>>> print(open('structure.txt').read())   # compact mmCIF, C-alpha atoms
# COMPACT_ATOMS: atom_id res chain seq x y z
CA MET A 1 52.16 5.85 -12.38
CA MET A 2 54.19 8.53 -10.60
CA ARG A 3 56.63 7.07 -8.04
CA LYS A 4 57.14 8.57 -4.60
CA ALA A 5 60.43 10.25 -3.85
CA VAL A 6 62.81 7.81 -2.17
CA THR A 7 63.41 10.28 0.65
CA GLU A 8 59.72 10.32 1.64
CA SER A 9 58.95 8.44 4.85
CA PRO A 10 56.27 5.73 4.99
CA LEU A 11 54.16 8.09 7.12
CA ASP A 12 54.44 10.88 4.58
CA THR A 13 53.54 8.46 1.79
CA LEU A 14 50.42 7.26 3.62
CA VAL A 15 49.39 10.81 4.48
CA ASP A 16 49.81 11.89 0.86
CA GLU A 17 47.80 8.92 -0.38
CA LEU A 18 44.98 9.60 2.09
CA MET A 19 44.92 13.25 1.03
CA THR A 20 44.79 12.21 -2.63
CA LEU A 21 41.79 10.03 -1.81
CA GLY A 22 40.11 13.02 -0.19
CA LEU A 23 40.43 11.56 3.31
CA SER A 24 41.95 14.60 4.97
CA LYS A 25 40.56 13.81 8.43
CA ALA A 26 42.00 10.30 8.31
CA ALA A 27 45.35 11.76 7.21
CA ALA A 28 45.39 14.24 10.09
CA THR A 29 44.38 11.54 12.59
CA LEU A 30 47.10 9.20 11.30
CA GLU A 31 49.76 11.86 11.90
CA GLU A 32 48.32 12.60 15.32
CA GLN A 33 48.29 8.93 16.32
CA TYR A 34 51.79 8.33 14.93
CA ASN A 35 53.17 11.12 17.12
CA SER A 36 51.22 10.09 20.22
CA PRO A 37 53.10 8.45 23.17
CA ASP A 38 51.04 5.25 23.03
CA PHE A 39 51.43 4.65 19.28
CA LEU A 40 53.74 1.63 19.62
CA ASN A 41 51.53 0.07 22.29
CA CYS A 42 48.27 0.55 20.39
CA ASP A 43 46.83 -2.63 18.84
CA ARG A 44 46.13 -2.56 15.12
CA MET A 45 42.33 -2.67 15.27
CA THR A 46 42.20 0.19 17.77
CA LEU A 47 44.56 2.23 15.60
CA LEU A 48 42.46 1.59 12.50
CA SER A 49 39.33 2.54 14.41
CA ARG A 50 40.87 5.81 15.60
CA ILE A 51 41.94 6.73 12.06
CA ILE A 52 38.66 5.82 10.37
CA GLU A 53 36.20 7.15 12.95
CA PRO A 54 36.63 10.92 12.28
CA GLU A 55 36.27 10.35 8.55
CA TYR A 56 33.22 8.17 9.06
CA ASP A 57 31.59 10.70 11.42
CA SER A 58 32.22 13.48 8.90
CA CYS A 59 30.64 11.43 6.09
CA VAL A 60 27.58 10.58 8.19
CA ASN A 61 27.13 14.20 9.28
CA LYS A 62 27.36 15.44 5.69
CA ARG A 63 24.82 12.87 4.54
CA PHE A 64 22.48 13.81 7.40
CA SER A 65 22.79 17.53 6.59
CA SER A 66 22.11 16.81 2.92
CA ARG A 67 19.02 14.76 3.77
CA LEU A 68 17.74 17.52 6.04
CA ARG A 69 18.16 20.04 3.24
CA PHE A 70 16.29 17.92 0.70
CA ALA A 71 13.61 17.20 3.30
CA HIS A 72 13.05 20.95 3.79
CA LEU A 73 13.91 20.47 7.47
CA SER A 74 17.29 22.24 7.67
CA GLY A 75 17.58 24.42 10.73
CA CYS A 76 14.38 23.08 12.29
CA PRO A 77 14.72 22.92 16.09
CA GLU A 78 12.13 20.21 16.71
CA ASP A 79 13.31 17.45 19.06
CA LEU A 80 11.41 14.20 19.56
CA SER A 81 12.48 14.05 23.22
CA ASN A 82 10.07 16.94 23.85
CA CYS A 83 7.10 14.99 22.49
CA VAL A 84 6.02 13.42 25.77
CA ASP A 85 3.04 13.85 28.05
CA SER A 86 3.35 17.02 30.10
CA LYS A 87 1.25 19.71 31.76
CA ASP A 88 0.91 21.32 28.32
CA ARG A 89 -0.20 18.36 26.17
CA SER A 90 -0.82 14.63 26.09
CA TYR A 91 -0.37 12.00 23.37
CA MET A 92 -2.69 9.08 22.72
CA PRO A 93 -2.40 6.15 22.57
CA GLU A 94 -0.08 5.86 25.54
CA ASP A 95 3.65 5.77 24.75
CA ILE A 96 2.98 6.24 21.03
CA THR A 97 5.91 8.62 20.43
CA SER A 98 8.29 6.09 21.95
CA ARG A 99 6.92 3.39 19.63
CA LEU A 100 7.27 5.63 16.59
CA SER A 101 10.84 6.58 17.54
CA SER A 102 12.01 3.06 16.61
CA PHE A 103 11.07 3.96 13.00
CA ASP A 104 9.81 0.45 12.38
CA PHE A 105 6.77 2.17 10.85
CA VAL A 106 9.04 3.57 8.13
CA ARG A 107 10.87 0.26 7.60
CA ASN A 108 7.50 -1.49 7.25
CA GLY A 109 5.89 1.20 5.09
CA MET A 110 3.18 2.10 7.58
CA ASN A 111 1.25 5.39 7.67
CA VAL A 112 0.83 7.73 10.64
CA CYS A 113 -2.10 10.11 11.08
CA ILE A 114 -1.47 12.88 13.63
CA LEU A 115 -4.58 14.70 14.84
CA GLY A 116 -5.09 17.69 17.09
CA ALA A 117 -6.29 21.27 17.31
CA SER A 118 -4.31 24.22 15.99
CA ASP A 119 -1.01 24.68 17.89
CA SER A 120 -1.42 21.35 19.68
CA GLY A 121 1.99 20.14 18.50
CA LYS A 122 1.12 18.11 15.38
CA THR A 123 3.70 19.79 13.15
CA TYR A 124 6.29 19.66 15.93
CA LEU A 125 5.88 15.90 16.28
CA ALA A 126 5.87 15.31 12.52
CA LYS A 127 8.98 17.42 11.95
CA SER A 128 10.83 15.86 14.88
CA LEU A 129 10.12 12.40 13.45
CA GLY A 130 11.23 13.62 10.02
CA ILE A 131 14.48 15.04 11.38
CA MET A 132 15.37 11.81 13.18
CA ALA A 133 14.37 9.74 10.16
CA CYS A 134 16.92 11.64 8.05
CA ASN A 135 19.64 9.68 9.84
CA GLU A 136 18.58 6.60 7.91
CA PHE A 137 15.88 7.38 5.36
CA SER A 138 14.94 9.69 2.49
CA VAL A 139 12.39 12.20 3.80
CA GLU A 140 10.48 15.21 2.49
CA TYR A 141 8.10 17.57 4.31
CA TYR A 142 5.35 19.63 2.63
CA GLU A 143 2.24 21.59 3.39
CA THR A 144 -0.39 19.53 1.60
CA GLU A 145 -2.22 22.35 -0.17
CA ALA A 146 0.97 23.91 -1.58
CA LEU A 147 2.26 20.53 -2.78
CA LEU A 148 -0.99 19.61 -4.55
CA GLU A 149 -1.21 23.02 -6.22
CA SER A 150 2.38 22.81 -7.48
CA LEU A 151 1.88 19.27 -8.78
CA ALA A 152 -1.37 20.17 -10.56
CA ASP A 153 0.31 23.17 -12.20
CA LEU A 154 3.30 21.05 -13.25
CA LYS A 155 1.01 18.38 -14.69
CA ALA A 156 -0.75 21.00 -16.81
CA MET A 157 2.50 22.56 -18.05
CA ASP A 158 4.82 19.56 -18.51
CA PHE A 159 3.46 16.07 -18.01
CA SER A 160 6.88 14.46 -18.35
CA LYS A 161 8.34 16.54 -15.52
CA TYR A 162 5.21 15.92 -13.47
CA SER A 163 5.58 12.16 -13.92
CA LYS A 164 9.20 12.27 -12.77
CA ARG A 165 8.24 14.42 -9.79
CA LYS A 166 5.41 12.10 -8.77
CA LYS A 167 7.65 9.06 -9.17
CA HIS A 168 10.23 10.70 -6.89
CA LEU A 169 7.60 11.47 -4.24
CA CYS A 170 6.28 7.92 -4.39
CA LYS A 171 9.76 6.47 -3.82
CA LEU A 172 10.59 8.50 -0.71
CA ASP A 173 10.92 6.40 2.45
CA LEU A 174 8.89 8.98 4.38
CA LEU A 175 6.61 11.71 3.04
CA ILE A 176 5.17 14.21 5.54
CA LEU A 177 1.98 16.04 4.56
CA ASP A 178 1.15 18.85 6.99
CA ASP A 179 -2.16 20.75 7.24
CA PHE A 180 -3.85 17.80 5.58
CA LEU A 181 -7.26 18.81 4.18
CA LEU A 182 -7.18 22.11 6.05
CA HIS A 183 -9.22 23.57 3.19
CA SER A 184 -11.59 21.97 0.71
CA ILE A 185 -10.10 20.45 -2.44
CA VAL A 186 -12.33 21.53 -5.31
CA ASP A 187 -9.89 20.84 -8.14
CA GLU A 188 -10.43 17.43 -9.69
CA GLN A 189 -6.75 17.09 -10.64
CA GLN A 190 -5.61 17.76 -7.07
CA VAL A 191 -7.98 15.10 -5.71
CA LYS A 192 -6.67 12.63 -8.26
CA ILE A 193 -3.04 13.47 -7.48
CA LEU A 194 -3.57 13.08 -3.73
CA HIS A 195 -5.30 9.75 -4.23
CA GLU A 196 -2.55 8.49 -6.55
CA LEU A 197 0.20 9.56 -4.15
CA LEU A 198 -1.33 7.85 -1.12
CA ASN A 199 -2.41 4.78 -3.07
CA THR A 200 0.95 4.22 -4.78
CA ARG A 201 2.93 4.84 -1.60
CA THR A 202 0.74 2.49 0.45
CA GLU A 203 0.94 -0.26 -2.15
CA SER A 204 4.73 0.23 -2.38
CA PHE A 205 5.10 0.04 1.42
CA LYS A 206 6.32 3.62 1.68
CA SER A 207 5.42 5.49 4.85
CA THR A 208 3.38 8.71 4.90
CA ILE A 209 2.66 11.00 7.85
CA VAL A 210 -0.38 13.27 7.62
CA CYS A 211 -1.18 16.01 10.14
CA SER A 212 -4.74 17.32 10.35
CA GLN A 213 -6.85 19.57 12.53
CA ARG A 214 -9.92 17.73 11.28
CA LEU A 215 -11.02 14.27 12.37
CA PRO A 216 -10.96 11.68 9.56
CA GLU A 217 -14.75 11.34 9.60
CA ASN A 218 -14.89 14.99 8.48
CA TRP A 219 -12.36 14.64 5.65
CA LYS A 220 -14.86 13.50 3.04
CA ALA A 221 -16.66 16.83 3.28
CA MET A 222 -13.38 18.53 2.29
CA ILE A 223 -13.04 16.47 -0.91
CA LEU A 224 -15.80 17.63 -3.21
CA ASP A 225 -17.63 15.57 -5.82
CA ASP A 226 -15.58 12.38 -5.53
CA ASP A 227 -16.82 10.05 -2.80
CA ILE A 228 -14.84 7.08 -4.12
CA ALA A 229 -11.51 8.94 -4.04
CA ALA A 230 -12.42 10.46 -0.67
CA ASP A 231 -13.06 7.00 0.84
CA ALA A 232 -9.77 5.70 -0.54
CA ILE A 233 -7.82 8.71 0.77
CA VAL A 234 -9.29 8.33 4.27
CA LYS A 235 -8.59 4.58 4.38
CA ARG A 236 -4.97 4.92 3.29
CA ALA A 237 -4.10 7.91 5.47
CA THR A 238 -5.53 6.23 8.59
CA LYS A 239 -4.50 2.66 7.71
CA HIS A 240 -1.99 2.04 10.52
CA PHE A 241 -1.23 4.52 13.32
CA THR A 242 -3.40 7.38 14.58
CA VAL A 243 -1.96 9.81 17.13
CA MET A 244 -4.23 12.21 19.00
CA ILE A 245 -2.58 15.22 20.66
CA THR A 246 -4.61 17.07 23.28
CA SER A 247 -3.25 20.38 24.54
CA GLN A 248 -4.05 21.79 27.96
CA LYS A 249 -5.88 24.79 26.49
CA ASP A 250 -8.22 22.43 24.63
CA SER A 251 -9.39 20.91 27.92
>>> encode(input="structure.txt", output="structure tokens")
Amino acid sequence: MMRKAVTESPLDTLVDELMTLGLSKAAATLEEQYNSPDFLNCDRMTLLSRIIEPEYDSCVNKRFSSRLRFAHLSGCPEDLSNCVDSKDRSYMPEDITSRLSSFDFVRNGMNVCILGASDSGKTYLAKSLGIMACNEFSVEYYETEALLESLADLKAMDFSKYSKRKKHLCKLDLLILDDFLLHSIVDEQQVKILHELLNTRTESFKSTIVCSQRLPENWKAMILDDDIAADAIVKRATKHFTVMITSQKDS
């Protein structure tokens, strides 16, 4: 082990060690606090807090940014504080966005079905929930049709990679499926994949948000030639919370 030069001060030694550990913000804060007028009067716990806090904040911000990137939500401007009743739109049941903002639905593996006409704010609400959830949970956002097509293609080309991909999707804390059943699903493999995803996630207490322009009673007509799978998909997607967004122009 290399020894420090005897001429190096205790401060320099600590700064060097923090830098070696990759804690550059803590090192800079330590020097700043050491040279501050109130250094000698600062209690130890407060001093430790001041040194650690910038490093902690940096770590949390990096993790949040990484989660946003993997969730496909980087750069999205959606803000949950905007999802309240206004002259433009209303949310039912009453105070539902406030209830969802606790994210107990994610902790308890509950599903959320968001319904409304085109441009009513379904995607905005789903993305804003996804963005906030990235502070604590693993999240991914997809357009349903594109995801099912890519999974069906992967299954046909490389079943091993498909299995790993499906396993990853099933383990996410929160999966957001936008434009849910916007078009008919005529491919048997896609129906099976959707059913397996929702079934496995529900049984594993993993939360899924689906956004649809169509009411659930009309979903079965969009899933061709498989009434059993269609029933199961409807039951799982609407199992817990249903949010109805009504925009002013729909009135």
>>> residues_around(input="structure.txt", residues="A:Arg89", least_positions_apart="3", cutoff="12 Å", atoms="all atoms listed in the file", output="PyMOL selection string")
chain A and resi 82-86+92+116-117+119-122+125+244-251
>>> closest_atom_pairs(input="structure.txt", of="stretch 40-115 of chain A", to="stretch 220-234 of chain A", cutoff="12 Å", atoms="only C-alpha atoms", output="Markdown table")
| residue | atom | partner | partner_atom | distance |
| --- | --- | --- | --- | --- |
| A:Asn111 | CA | A:Val234 | CA | 11.5 |
| A:Val112 | CA | A:Val234 | CA | 12.0 |
| A:Cys113 | CA | A:Val234 | CA | 10.1 |
>>> closest_residue(input="structure.txt", among="A:Asp88, A:Asp79, A:Asp153, A:Glu145", to="A:Ala126", atoms="only C-alpha atoms")
A:Asp79
>>> closest_atom_pairs(input="structure.txt", of="stretch 91-164 of chain A", to="stretch 199-211 of chain A", cutoff="12 Å", atoms="all atoms listed in the file", output="JSON lines")
{"residue": "A:Leu100", "atom": "CA", "partner": "A:Ile209", "partner_atom": "CA", "distance": 11.2}
{"residue": "A:Phe103", "atom": "CA", "partner": "A:Ser207", "partner_atom": "CA", "distance": 10.0}
{"residue": "A:Asp104", "atom": "CA", "partner": "A:Ser207", "partner_atom": "CA", "distance": 10.1}
{"residue": "A:Phe105", "atom": "CA", "partner": "A:Ser207", "partner_atom": "CA", "distance": 7.0}
{"residue": "A:Val106", "atom": "CA", "partner": "A:Ser207", "partner_atom": "CA", "distance": 5.2}
{"residue": "A:Arg107", "atom": "CA", "partner": "A:Ser207", "partner_atom": "CA", "distance": 8.0}
{"residue": "A:Asn108", "atom": "CA", "partner": "A:Phe205", "partner_atom": "CA", "distance": 6.5}
{"residue": "A:Gly109", "atom": "CA", "partner": "A:Phe205", "partner_atom": "CA", "distance": 3.9}
{"residue": "A:Met110", "atom": "CA", "partner": "A:Ser207", "partner_atom": "CA", "distance": 4.9}
{"residue": "A:Asn111", "atom": "CA", "partner": "A:Thr208", "partner_atom": "CA", "distance": 4.8}
{"residue": "A:Val112", "atom": "CA", "partner": "A:Ile209", "partner_atom": "CA", "distance": 4.7}
{"residue": "A:Cys113", "atom": "CA", "partner": "A:Val210", "partner_atom": "CA", "distance": 5.0}
{"residue": "A:Ile114", "atom": "CA", "partner": "A:Cys211", "partner_atom": "CA", "distance": 4.7}
{"residue": "A:Leu115", "atom": "CA", "partner": "A:Cys211", "partner_atom": "CA", "distance": 5.9}
{"residue": "A:Gly116", "atom": "CA", "partner": "A:Cys211", "partner_atom": "CA", "distance": 8.1}
{"residue": "A:Ala117", "atom": "CA", "partner": "A:Cys211", "partner_atom": "CA", "distance": 10.3}
{"residue": "A:Ser118", "atom": "CA", "partner": "A:Cys211", "partner_atom": "CA", "distance": 10.6}
{"residue": "A:Asp119", "atom": "CA", "partner": "A:Cys211", "partner_atom": "CA", "distance": 11.6}
{"residue": "A:Ser120", "atom": "CA", "partner": "A:Cys211", "partner_atom": "CA", "distance": 10.9}
{"residue": "A:Gly121", "atom": "CA", "partner": "A:Cys211", "partner_atom": "CA", "distance": 9.8}
{"residue": "A:Lys122", "atom": "CA", "partner": "A:Cys211", "partner_atom": "CA", "distance": 6.1}
{"residue": "A:Thr123", "atom": "CA", "partner": "A:Cys211", "partner_atom": "CA", "distance": 6.9}
{"residue": "A:Tyr124", "atom": "CA", "partner": "A:Cys211", "partner_atom": "CA", "distance": 10.1}
{"residue": "A:Leu125", "atom": "CA", "partner": "A:Cys211", "partner_atom": "CA", "distance": 9.4}
{"residue": "A:Ala126", "atom": "CA", "partner": "A:Ile209", "partner_atom": "CA", "distance": 7.1}
{"residue": "A:Lys127", "atom": "CA", "partner": "A:Ile209", "partner_atom": "CA", "distance": 9.9}
{"residue": "A:Ser128", "atom": "CA", "partner": "A:Ile209", "partner_atom": "CA", "distance": 11.8}
{"residue": "A:Leu129", "atom": "CA", "partner": "A:Ile209", "partner_atom": "CA", "distance": 9.4}
{"residue": "A:Gly130", "atom": "CA", "partner": "A:Ile209", "partner_atom": "CA", "distance": 9.2}
{"residue": "A:Ala133", "atom": "CA", "partner": "A:Ser207", "partner_atom": "CA", "distance": 11.2}
{"residue": "A:Phe137", "atom": "CA", "partner": "A:Ser207", "partner_atom": "CA", "distance": 10.6}
{"residue": "A:Ser138", "atom": "CA", "partner": "A:Lys206", "partner_atom": "CA", "distance": 10.6}
{"residue": "A:Val139", "atom": "CA", "partner": "A:Thr208", "partner_atom": "CA", "distance": 9.7}
{"residue": "A:Glu140", "atom": "CA", "partner": "A:Thr208", "partner_atom": "CA", "distance": 9.9}
{"residue": "A:Tyr141", "atom": "CA", "partner": "A:Ile209", "partner_atom": "CA", "distance": 9.2}
{"residue": "A:Tyr142", "atom": "CA", "partner": "A:Val210", "partner_atom": "CA", "distance": 9.9}
{"residue": "A:Glu143", "atom": "CA", "partner": "A:Cys211", "partner_atom": "CA", "distance": 9.4}
{"residue": "A:Thr144", "atom": "CA", "partner": "A:Val210", "partner_atom": "CA", "distance": 8.7}
>>> atom_distance(input="structure.txt", atom1="atom CA of A:Thr242", atom2="atom CA of A:Glu217")
13.0 Å
>>> closest_atom_pairs(input="structure.txt", of="stretch 48-81 of chain A", to="stretch 159-175 of chain A", cutoff="12 Å", atoms="all atoms listed in the file", output="Markdown table")
| residue | atom | partner | partner_atom | distance |
| --- | --- | --- | --- | --- |
| A:Arg67 | CA | A:Leu172 | CA | 11.4 |
| A:Phe70 | CA | A:Leu172 | CA | 11.1 |
| A:Ala71 | CA | A:Leu175 | CA | 8.9 |
| A:His72 | CA | A:Leu175 | CA | 11.3 |
>>> closest_residue(input="structure.txt", among="A:Asn135, A:Thr20, A:Ser9, A:Ser74", to="A:Val60", atoms="all atoms listed in the file")
A:Asn135
>>> atom_distance(input="structure.txt", atom1="atom CA of A:Pro10", atom2="atom CA of A:Ser58")
25.6 Å
>>> closest_residue(input="structure.txt", among="A:Glu53, A:Glu94, A:Asp187, A:Asp178", to="A:Leu147", atoms="only C-alpha atoms")
A:Asp178
>>> closest_residue(input="structure.txt", among="A:Met132, A:Leu80, A:Leu181, A:Leu198", to="A:Lys235", atoms="all atoms listed in the file")
A:Leu198
>>> atom_distance(input="structure.txt", atom1="atom CA of A:Tyr34", atom2="atom CA of A:Arg63")
29.3 Å
>>> residues_around(input="structure.txt", residues="A:Ala152", least_positions_apart="5", cutoff="8 Å", atoms="all atoms listed in the file", output="PyMOL selection string")
chain A and resi 189-190+193
>>> residues_near_point(input="structure.txt", point="(45.1, 11.6, 13.0)", cutoff="10 Å", atoms="all atoms listed in the file", output="list of chain:residue names")
A:Val15, A:Ser24, A:Lys25, A:Ala26, A:Ala27, A:Ala28, A:Thr29, A:Leu30, A:Glu31, A:Glu32, A:Gln33, A:Tyr34, A:Asn35, A:Ser36, A:Leu47, A:Arg50, A:Ile51, A:Ile52, A:Glu53, A:Pro54, A:Glu55
>>> closest_residue(input="structure.txt", among="A:Ile131, A:Leu23, A:Leu182, A:Leu154", to="A:Arg69", atoms="only C-alpha atoms")
A:Ile131
